Amino acid sequence: MTYEGYYNEHVRHILSNVHRHLNSNPDKTFIWAEVSFFKLWWETQPLNIKEDVKRMVKSGQWEFVGGGWVQNDEAAASLDVVIGQVSAGHEYLLKHFGVRPRIGWQIDPFGHSSLTPTIFAQVGYQALVLNRIHHQLKGTYIRDSDLEFIWRPSPTLGDATQIFAHVLHTHYSAPIGFDWEEHSTPINEHNLEGQSQHLVNILKERSRAYRTNQLMVPWGDDFKFQNADIQYDNMGKLIEHINSNIDKYHVKIQYSTLSRYFDAVKNMVESGIPHKVEFSAYYGDFFPYADNEDSYWTGYYTTRPQLKGMHRHALSVLRSAEMLYVLGRTEAHGAQVPWDHLFRKLQTARWDNSLVAHHDGITGTSRSNVVDDYSGKLRNSIGNSRSVMADMCKILLSKKGNTDLQLEIGHLNWDLRGNVGTTAMVFHNSLGWERSQFVAHVVKSRDLYVTGPMGNVVPSQIVPIWTDAGLKPEDDKFLIYFPVGPVPPLALSSYFLEKSTTTSKKAEVSTYMTYLRDYNAGLHAKTKNLSPIQHFSISNDFLKIEFEHGVPTRITQKATGDVMKFSVALWQYSTQRSGAYLFRSESRPPTKLSEQPIRVQVVEGPVLSEVKMFFNSDNSITLRLYNNIDREIGKLVEISHTITPVGSNTEIVARYTSDVKQDNDDGVFYTDNGLELLQRKLRAGSDTRPEANYYPVQSTVALKGETHQMNVLVRQPAGATLIGSDTLEVMLHRKLEQDDGRGLAEAVRDMTTITNVHWLLWDSIEISRAIRPRIALQLEHPLRMMHSNQFSRSDWDKQYKMEYKPLVAPIPPRVHIQDFRSRDGVSDEAVLRFVQLEPTDPVTATPEVIDINSLLTDFNLKATRAVTISLNNEPGKAFKRVIHDYPLSGKLLQALDGPSLAPVAKGASQNSAEAGVFLSQSALDKMKKDKEKEKEKPAVKAPNVEQEAHRQAKRPNSQEGPKKIQKEEPQFRIEKEKPANPLHPVIGRQPLSVKENGAFAIQVYPLSFVTLITQLSPKDEVAAGLVQKFENFELNLTPAVPAAQPTQKKAEAEKTTRVQFGYDGRIPVGAPEVYTPAEVPKAVPEVPKTPEVPNNQVPPEAHAAPAYDVKLWLGILGMCVTIMGLVYLRLTGSHKLKSKNK
């Protein structure tokens, strides 16, 4: 079911019915998380209902938790969209309710990234609620009373971004038997006492997993509380009865919210009453996630790669559009331009991109029709962003307020027979440093040349387009490659593709050689000799790649003479049990698609050299080296994998083998979380299956040796692991024939053709550390292009600028402009956000200083103030609420490779308490029947007495602190850990400082964000000229044409044009949007509609839940559900309760 479908079918009923019930029962509470759904409901409500909800929010009866646009996925969602979706939700809540969410709520993502607490701590959340952690970890933490702990996620930042974390005991559902919208028996006078005792027993057992006398328990499940009355009424009967018999039950229960619960925990910890509490610490993240020993949720890291690539592409185009909008609006501040209309285009694009970041969106774990809906939203987002880019270029490049420029964005197919003779190409660099890049375009003539902004002829090369698996080149289509740059930071730069009338100006035609495995075939054009596959090489100024039998074998650094043995190959897992969420190798090793390619095409010329290896008609690998470009790009090997999965149950991976670390017995490799590299270690001795050792990759997977580091940089999220001691494996595509039983109820028969572009960076460890973060951003955010066929170069020069350079000078090289956009469509306020990239050495890293008053060439920044990441508070005020000083026990929590994890029975139930994964009531009924059939089998052994003693020792006892545990593993002691960087400030300090001349400067610390809200206005010396320039300016709006829809392979034997969204197999990294024509889908309307919903559709998961406190009482929270609606109850245990029963 689509977003709009969920709203119409479920969400609006939940919110309306909960409002009605709460309005009549002020003692009851409710929490809600996802603003995207709430917004649809809110904007259709009459004034009286809005006033009711505002009153409830102000009184704390109704609380927003998390408060982002969605509850984002944590493996595939990028840093940009995580910050963007949280900001979108928080700005909306601040505008309409004046509230700032205090608690993070990430109860349904499939594993938890260390990026989440790093960002959320800087948002100003007081605490973070989690759920889905590895079943064995959850079992261990339950045993050791460690489901609440201090999470220190960043190896660089140490305790600066620590956050208090709470893991739900048993998923976010109501206790089994207490969901009255399912099959639970309503509470009546006959079962009241029995059900009360049953509930108390459940809550007492859960409370053992926590160290305070407060307990939080969610109540509800996905899309529950559509019948709010039945849920609240039955809960009310139980609560009233239990609270009236405290001497009997030793428990007090009350409705609560997350804030009330965590306030109660804080009060108890600070007071030490009724006993002192200390918490353990956890370092790192919670990947991979598994709900039982046979079910690792590591397939979704890669599932539906087309959607993942499209999302990154849409975010990058939106980034350029927002930057150009804020600059164009300030430039033409007096022009008659529908600024608010253009802003709404960008806002809609931002909201749609945020929506796709949902944990059942970007993950690819939605049904096919929902994926199509997400794709439609992304295509519309790209179309809206492009149209704004084109309109802003008319303003920023105009010399005299000219209005006749028509720019197109997208497919450029330069046809000599119908073109006016010149194509102007405008490139935008959205990064804060000068950069160069190679681009390519499809053309229909070789008689072309390229000139740059200064009129200089740019080196260019005609490259063949191969057909029939590399058997022959196209007759009338070619690719022209040429370098663009250096383009200044945030700048626009104009290039021209022109007809050539002289040989000296023509693009160089590539030479190429065809190597065959078994046979020769005739070729035409400029061709070297045909020959069997043999030894050959390609090179540029920095690298030389050698090939044997058509595959790479060695890479040499020309400057140093260093040599790395290297190979890359495609492999395929063929299993019968993987699904959208789960990767199950079934302990079967993958098979190599081919030992040798069937055909190899080697292309050489002045701009690039490439080797294209065809393994069959569906799969190929291309290696490229670029010439005449800066060192950072010249030292990269671009590797493009063009993949179409064929057959059934196919999971295709790329394997990169090297001798960077020959003696890698420790199984260590590295992946990034979007902000920094994290060390990973194969689970030798516990679970060596590939799926148990897969980790999500945002931009980089790396292998370090003693002196060198091999980095594989990816443009879109994927899963990766280490195979053996020397091979990095990256999953590329998945086509599966069965559902994996985790809620989708549909196989992922994805036959889209994708081109997955990777950059290989092999260099010394020091150089890798220095340049990797910048290169990763250049891969993620290539130059964006617009083009026009209206003018010759000379005519263009009369009316339009060749370049537009907004920055006075580049910012410090390790600082990234993470965001630069207008805050709304009417004011002059802009959002400007900086982050210092991962430092080469965290211990010696220092803050970077930026004089923001001297940042922009023609504009002033006025009334500048610092705010939190989500734009809703001042840093100093926000972080007064954050818990940094809870007492620590001196113990580190177990990780997956820890020595004393809780044992897990073979075939552990998916719905066990440790697993934290719950299905529908019908599924539970079936499981119950299956269990009855197992009664004849031998019973499970009783709990280990030593383990039970260990658990009891950890429970707080009255006024005493937690008892000491004997034989505590020394490697888990906090004092053994590397100390935090002493130069790093406490998160939340004021980053702005005033110089003697009254100018503002900011300090940007490593991996820390500085977010500013400022007012942009033209400087006095240019203001009058701009007013005059745009006095009679009328903007002819560029239509927002949705991006073309990529094709799919319809049948095994059918030949189709294979196109990846935004890039095809022939287009190099960084190429502007190049599309083959395709059917343009209709725009998705903003106003929610009621779509047709297929029968038996399983929602991607909406949530609502309740929580509880447990003082020495038990507190319970209720939970509703609509992709983040929650109700909570709070319970508090009586001080009369004995500690062993707490």
# chains A, B, ... in the order shown; residues from 1 in each chain; ligands from 1
>>> residues_around(residues="stretch 646-656 of chain A", least_positions_apart="4", cutoff="8 Å", atoms="only C-alpha atoms", output="JSON, numbers by chain")
{"A": [566, 567, 568, 569, 570, 571, 572, 573, 574, 575, 576, 578, 618, 727, 728, 729, 730, 731, 732, 733, 734, 735, 736, 737, 751, 1052]}
>>> select_by_dssp(residues="stretch 251-481 of chain A", states="strand (DSSP E or B)", output="ChimeraX atom specification")
/A:251-256,279-283,286,290-292,295-296,336,358,398,408,413-414,422-428,435-443,448-451,457-458,461-467,472-481
>>> residues_around(residues="stretch 25-27 of chain A", least_positions_apart="2", cutoff="8 Å", atoms="only C-alpha atoms", output="PyMOL selection string")
chain A and resi 21-23+29+61+255
>>> closest_residue(among="A:Phe791, A:Phe1009, A:Tyr301, A:Phe286", to="A:Arg132", atoms="only C-alpha atoms")
A:Phe286
>>> residues_around(residues="stretch 441-452 of chain A", least_positions_apart="3", cutoff="7 Å", atoms="only C-alpha atoms", output="ChimeraX atom specification")
/A:412-416,455-458,460,462,476-481,494-500,505-507
>>> write_last_selection(atoms="N, CA, C and O atoms", output="mmCIF file, in the first residue's frame")
data_model
loop_
_atom_site.group_PDB
_atom_site.id
_atom_site.type_symbol
_atom_site.label_atom_id
_atom_site.label_comp_id
_atom_site.auth_asym_id
_atom_site.auth_seq_id
_atom_site.Cartn_x
_atom_site.Cartn_y
_atom_site.Cartn_z
ATOM 1 N N LEU A 412 20.926 14.652 -23.422
ATOM 2 C CA LEU A 412 21.537 15.454 -24.476
ATOM 3 C C LEU A 412 21.960 14.499 -25.591
ATOM 4 O O LEU A 412 22.869 13.689 -25.430
ATOM 5 N N ASN A 413 21.275 14.576 -26.721
ATOM 6 C CA ASN A 413 21.604 13.702 -27.849
ATOM 7 C C ASN A 413 21.913 14.607 -29.032
ATOM 8 O O ASN A 413 21.032 14.982 -29.803
ATOM 9 N N TRP A 414 23.146 15.018 -29.185
ATOM 10 C CA TRP A 414 23.556 16.062 -30.121
ATOM 11 C C TRP A 414 23.549 15.516 -31.543
ATOM 12 O O TRP A 414 24.323 14.634 -31.895
ATOM 13 N N ASP A 415 22.642 16.013 -32.352
ATOM 14 C CA ASP A 415 22.438 15.517 -33.720
ATOM 15 C C ASP A 415 22.925 16.574 -34.700
ATOM 16 O O ASP A 415 22.333 17.654 -34.816
ATOM 17 N N LEU A 416 23.986 16.279 -35.420
ATOM 18 C CA LEU A 416 24.572 17.229 -36.362
ATOM 19 C C LEU A 416 23.588 17.659 -37.431
ATOM 20 O O LEU A 416 23.577 18.802 -37.871
ATOM 21 N N GLY A 455 37.368 30.104 -23.585
ATOM 22 C CA GLY A 455 37.497 29.970 -25.032
ATOM 23 C C GLY A 455 38.521 28.950 -25.460
ATOM 24 O O GLY A 455 38.721 28.732 -26.669
ATOM 25 N N ASN A 456 39.188 28.328 -24.528
ATOM 26 C CA ASN A 456 40.198 27.319 -24.842
ATOM 27 C C ASN A 456 39.554 26.032 -25.335
ATOM 28 O O ASN A 456 38.464 25.651 -24.896
ATOM 29 N N VAL A 457 40.217 25.363 -26.290
ATOM 30 C CA VAL A 457 39.752 24.060 -26.768
ATOM 31 C C VAL A 457 40.082 23.013 -25.711
ATOM 32 O O VAL A 457 41.219 22.906 -25.258
ATOM 33 N N VAL A 458 39.078 22.275 -25.308
ATOM 34 C CA VAL A 458 39.221 21.259 -24.264
ATOM 35 C C VAL A 458 39.486 19.906 -24.915
ATOM 36 O O VAL A 458 38.808 19.552 -25.896
ATOM 37 N N SER A 460 39.105 16.289 -26.041
ATOM 38 C CA SER A 460 37.894 15.465 -26.086
ATOM 39 C C SER A 460 38.177 14.206 -26.889
ATOM 40 O O SER A 460 39.113 14.162 -27.688
ATOM 41 N N ILE A 462 36.248 10.721 -28.881
ATOM 42 C CA ILE A 462 35.088 9.959 -29.347
ATOM 43 C C ILE A 462 35.290 8.494 -28.998
ATOM 44 O O ILE A 462 36.309 7.887 -29.352
ATOM 45 N N ASP A 476 26.004 4.976 -35.903
ATOM 46 C CA ASP A 476 25.672 6.404 -35.938
ATOM 47 C C ASP A 476 25.515 7.028 -34.562
ATOM 48 O O ASP A 476 24.939 8.086 -34.416
ATOM 49 N N LYS A 477 26.006 6.370 -33.533
ATOM 50 C CA LYS A 477 25.988 6.935 -32.190
ATOM 51 C C LYS A 477 27.359 6.752 -31.571
ATOM 52 O O LYS A 477 27.985 5.696 -31.712
ATOM 53 N N PHE A 478 27.790 7.771 -30.846
ATOM 54 C CA PHE A 478 29.087 7.742 -30.188
ATOM 55 C C PHE A 478 28.961 8.438 -28.842
ATOM 56 O O PHE A 478 27.973 9.102 -28.559
ATOM 57 N N LEU A 479 29.991 8.281 -28.055
ATOM 58 C CA LEU A 479 30.123 9.058 -26.821
ATOM 59 C C LEU A 479 31.285 10.017 -26.986
ATOM 60 O O LEU A 479 32.352 9.632 -27.474
ATOM 61 N N ILE A 480 31.092 11.257 -26.580
ATOM 62 C CA ILE A 480 32.192 12.203 -26.528
ATOM 63 C C ILE A 480 32.519 12.472 -25.067
ATOM 64 O O ILE A 480 31.646 12.845 -24.277
ATOM 65 N N TYR A 481 33.760 12.198 -24.696
ATOM 66 C CA TYR A 481 34.252 12.431 -23.338
ATOM 67 C C TYR A 481 35.111 13.689 -23.329
ATOM 68 O O TYR A 481 35.900 13.921 -24.265
ATOM 69 N N SER A 494 30.475 27.464 -17.814
ATOM 70 C CA SER A 494 29.884 27.212 -19.142
ATOM 71 C C SER A 494 30.895 26.584 -20.091
ATOM 72 O O SER A 494 32.032 27.066 -20.224
ATOM 73 N N TYR A 495 30.470 25.536 -20.765
ATOM 74 C CA TYR A 495 31.252 24.864 -21.810
ATOM 75 C C TYR A 495 30.391 24.787 -23.060
ATOM 76 O O TYR A 495 29.152 24.873 -22.984
ATOM 77 N N PHE A 496 31.062 24.578 -24.217
ATOM 78 C CA PHE A 496 30.345 24.593 -25.494
ATOM 79 C C PHE A 496 30.777 23.426 -26.355
ATOM 80 O O PHE A 496 31.969 23.168 -26.543
ATOM 81 N N LEU A 497 29.768 22.718 -26.865
ATOM 82 C CA LEU A 497 29.978 21.621 -27.809
ATOM 83 C C LEU A 497 29.631 22.165 -29.197
ATOM 84 O O LEU A 497 28.494 22.580 -29.429
ATOM 85 N N GLU A 498 30.606 22.172 -30.108
ATOM 86 C CA GLU A 498 30.429 22.857 -31.381
ATOM 87 C C GLU A 498 30.811 21.963 -32.556
ATOM 88 O O GLU A 498 31.606 21.023 -32.419
ATOM 89 N N LYS A 499 30.264 22.291 -33.729
ATOM 90 C CA LYS A 499 30.661 21.627 -34.957
ATOM 91 C C LYS A 499 32.092 21.997 -35.297
ATOM 92 O O LYS A 499 32.520 23.129 -35.100
ATOM 93 N N SER A 500 32.807 21.040 -35.830
ATOM 94 C CA SER A 500 34.193 21.288 -36.210
ATOM 95 C C SER A 500 34.311 21.380 -37.731
ATOM 96 O O SER A 500 33.770 20.549 -38.458
ATOM 97 N N LYS A 505 40.670 20.935 -34.676
ATOM 98 C CA LYS A 505 39.754 21.125 -33.554
ATOM 99 C C LYS A 505 38.863 19.915 -33.289
ATOM 100 O O LYS A 505 38.060 19.931 -32.371
ATOM 101 N N LYS A 506 38.978 18.898 -34.112
ATOM 102 C CA LYS A 506 38.097 17.744 -33.926
ATOM 103 C C LYS A 506 38.470 16.946 -32.678
ATOM 104 O O LYS A 506 39.637 16.846 -32.312
ATOM 105 N N ALA A 507 37.444 16.358 -32.074
ATOM 106 C CA ALA A 507 37.689 15.415 -30.987
ATOM 107 C C ALA A 507 38.479 14.233 -31.524
ATOM 108 O O ALA A 507 38.255 13.772 -32.652
#
>>> residues_around(residues="stretch 798-802 of chain A", least_positions_apart="3", cutoff="8 Å", atoms="only C-alpha atoms", output="list in words")
Leu397, Ser398, Lys399, Lys400, Asn402, Pro453, Met454, Ser493, Ser494, Ser794 and Asp795 of chain A
>>> closest_residue(among="A:Ile598, A:Ile202, A:Ile754, A:Val509", to="A:Val551", atoms="only C-alpha atoms")
A:Ile598
>>> select_by_dssp(residues="stretch 374-530 of chain A", states="alpha helix (DSSP H)", output="PyMOL selection string")
chain A and resi 374-397
>>> closest_residue(among="A:Ile775, A:His313, A:Lys544, A:Ile230", to="A:Gln437", atoms="only C-alpha atoms")
A:Ile775
>>> closest_residue(among="A:Val748, A:Val269, A:Leu777, A:Ala174", to="A:Gly674", atoms="only C-alpha atoms")
A:Leu777
>>> closest_residue(among="A:Ile142, A:Leu636, A:Ala160, A:Leu130", to="A:Ser207", atoms="only C-alpha atoms")
A:Ile142
>>> atom_distance(atom1="atom CA of A:Gly284", atom2="atom CA of A:Lys681")
12.1 Å
>>> closest_residue(among="A:Thr298, A:Thr1038, A:Asn540, A:Gln557", to="A:Gly634", atoms="only C-alpha atoms")
A:Asn540
>>> residues_around(residues="stretch 768-770 of chain A", least_positions_apart="3", cutoff="8 Å", atoms="only C-alpha atoms", output="PDB file with N, CA and C atoms, in the first residue's frame")
ATOM      1  N   GLN A 709      46.417   1.268   1.801  1.00  0.00           N
ATOM      2  CA  GLN A 709      44.999   1.020   2.036  1.00  0.00           C
ATOM      3  C   GLN A 709      44.279   0.946   0.695  1.00  0.00           C
ATOM      4  N   ASN A 711      40.709   1.202  -0.980  1.00  0.00           N
ATOM      5  CA  ASN A 711      39.363   1.693  -0.730  1.00  0.00           C
ATOM      6  C   ASN A 711      38.492   1.452  -1.953  1.00  0.00           C
ATOM      7  N   LEU A 761      40.451   3.436  -4.923  1.00  0.00           N
ATOM      8  CA  LEU A 761      41.529   4.295  -4.468  1.00  0.00           C
ATOM      9  C   LEU A 761      42.522   3.434  -3.704  1.00  0.00           C
ATOM     10  N   TRP A 762      43.722   3.271  -4.284  1.00  0.00           N
ATOM     11  CA  TRP A 762      44.778   2.513  -3.616  1.00  0.00           C
ATOM     12  C   TRP A 762      45.960   3.440  -3.417  1.00  0.00           C
ATOM     13  N   ASP A 763      46.307   3.687  -2.163  1.00  0.00           N
ATOM     14  CA  ASP A 763      47.394   4.610  -1.876  1.00  0.00           C
ATOM     15  C   ASP A 763      47.873   4.350  -0.455  1.00  0.00           C
ATOM     16  N   SER A 764      48.826   5.145  -0.026  1.00  0.00           N
ATOM     17  CA  SER A 764      49.302   5.008   1.343  1.00  0.00           C
ATOM     18  C   SER A 764      48.155   5.294   2.312  1.00  0.00           C
ATOM     19  N   ILE A 765      48.288   4.782   3.534  1.00  0.00           N
ATOM     20  CA  ILE A 765      47.241   4.998   4.533  1.00  0.00           C
ATOM     21  C   ILE A 765      47.071   6.490   4.796  1.00  0.00           C
ATOM     22  N   PRO A 773      37.547  11.107   2.195  1.00  0.00           N
ATOM     23  CA  PRO A 773      36.240  11.730   2.443  1.00  0.00           C
ATOM     24  C   PRO A 773      35.819  12.700   1.347  1.00  0.00           C
ATOM     25  N   PRO A 839      38.866  13.364  10.398  1.00  0.00           N
ATOM     26  CA  PRO A 839      40.257  13.826  10.465  1.00  0.00           C
ATOM     27  C   PRO A 839      41.249  12.717  10.157  1.00  0.00           C
ATOM     28  N   THR A 840      42.434  13.107   9.696  1.00  0.00           N
ATOM     29  CA  THR A 840      43.478  12.117   9.458  1.00  0.00           C
ATOM     30  C   THR A 840      44.004  11.553  10.776  1.00  0.00           C
TER      31      THR A 840
END
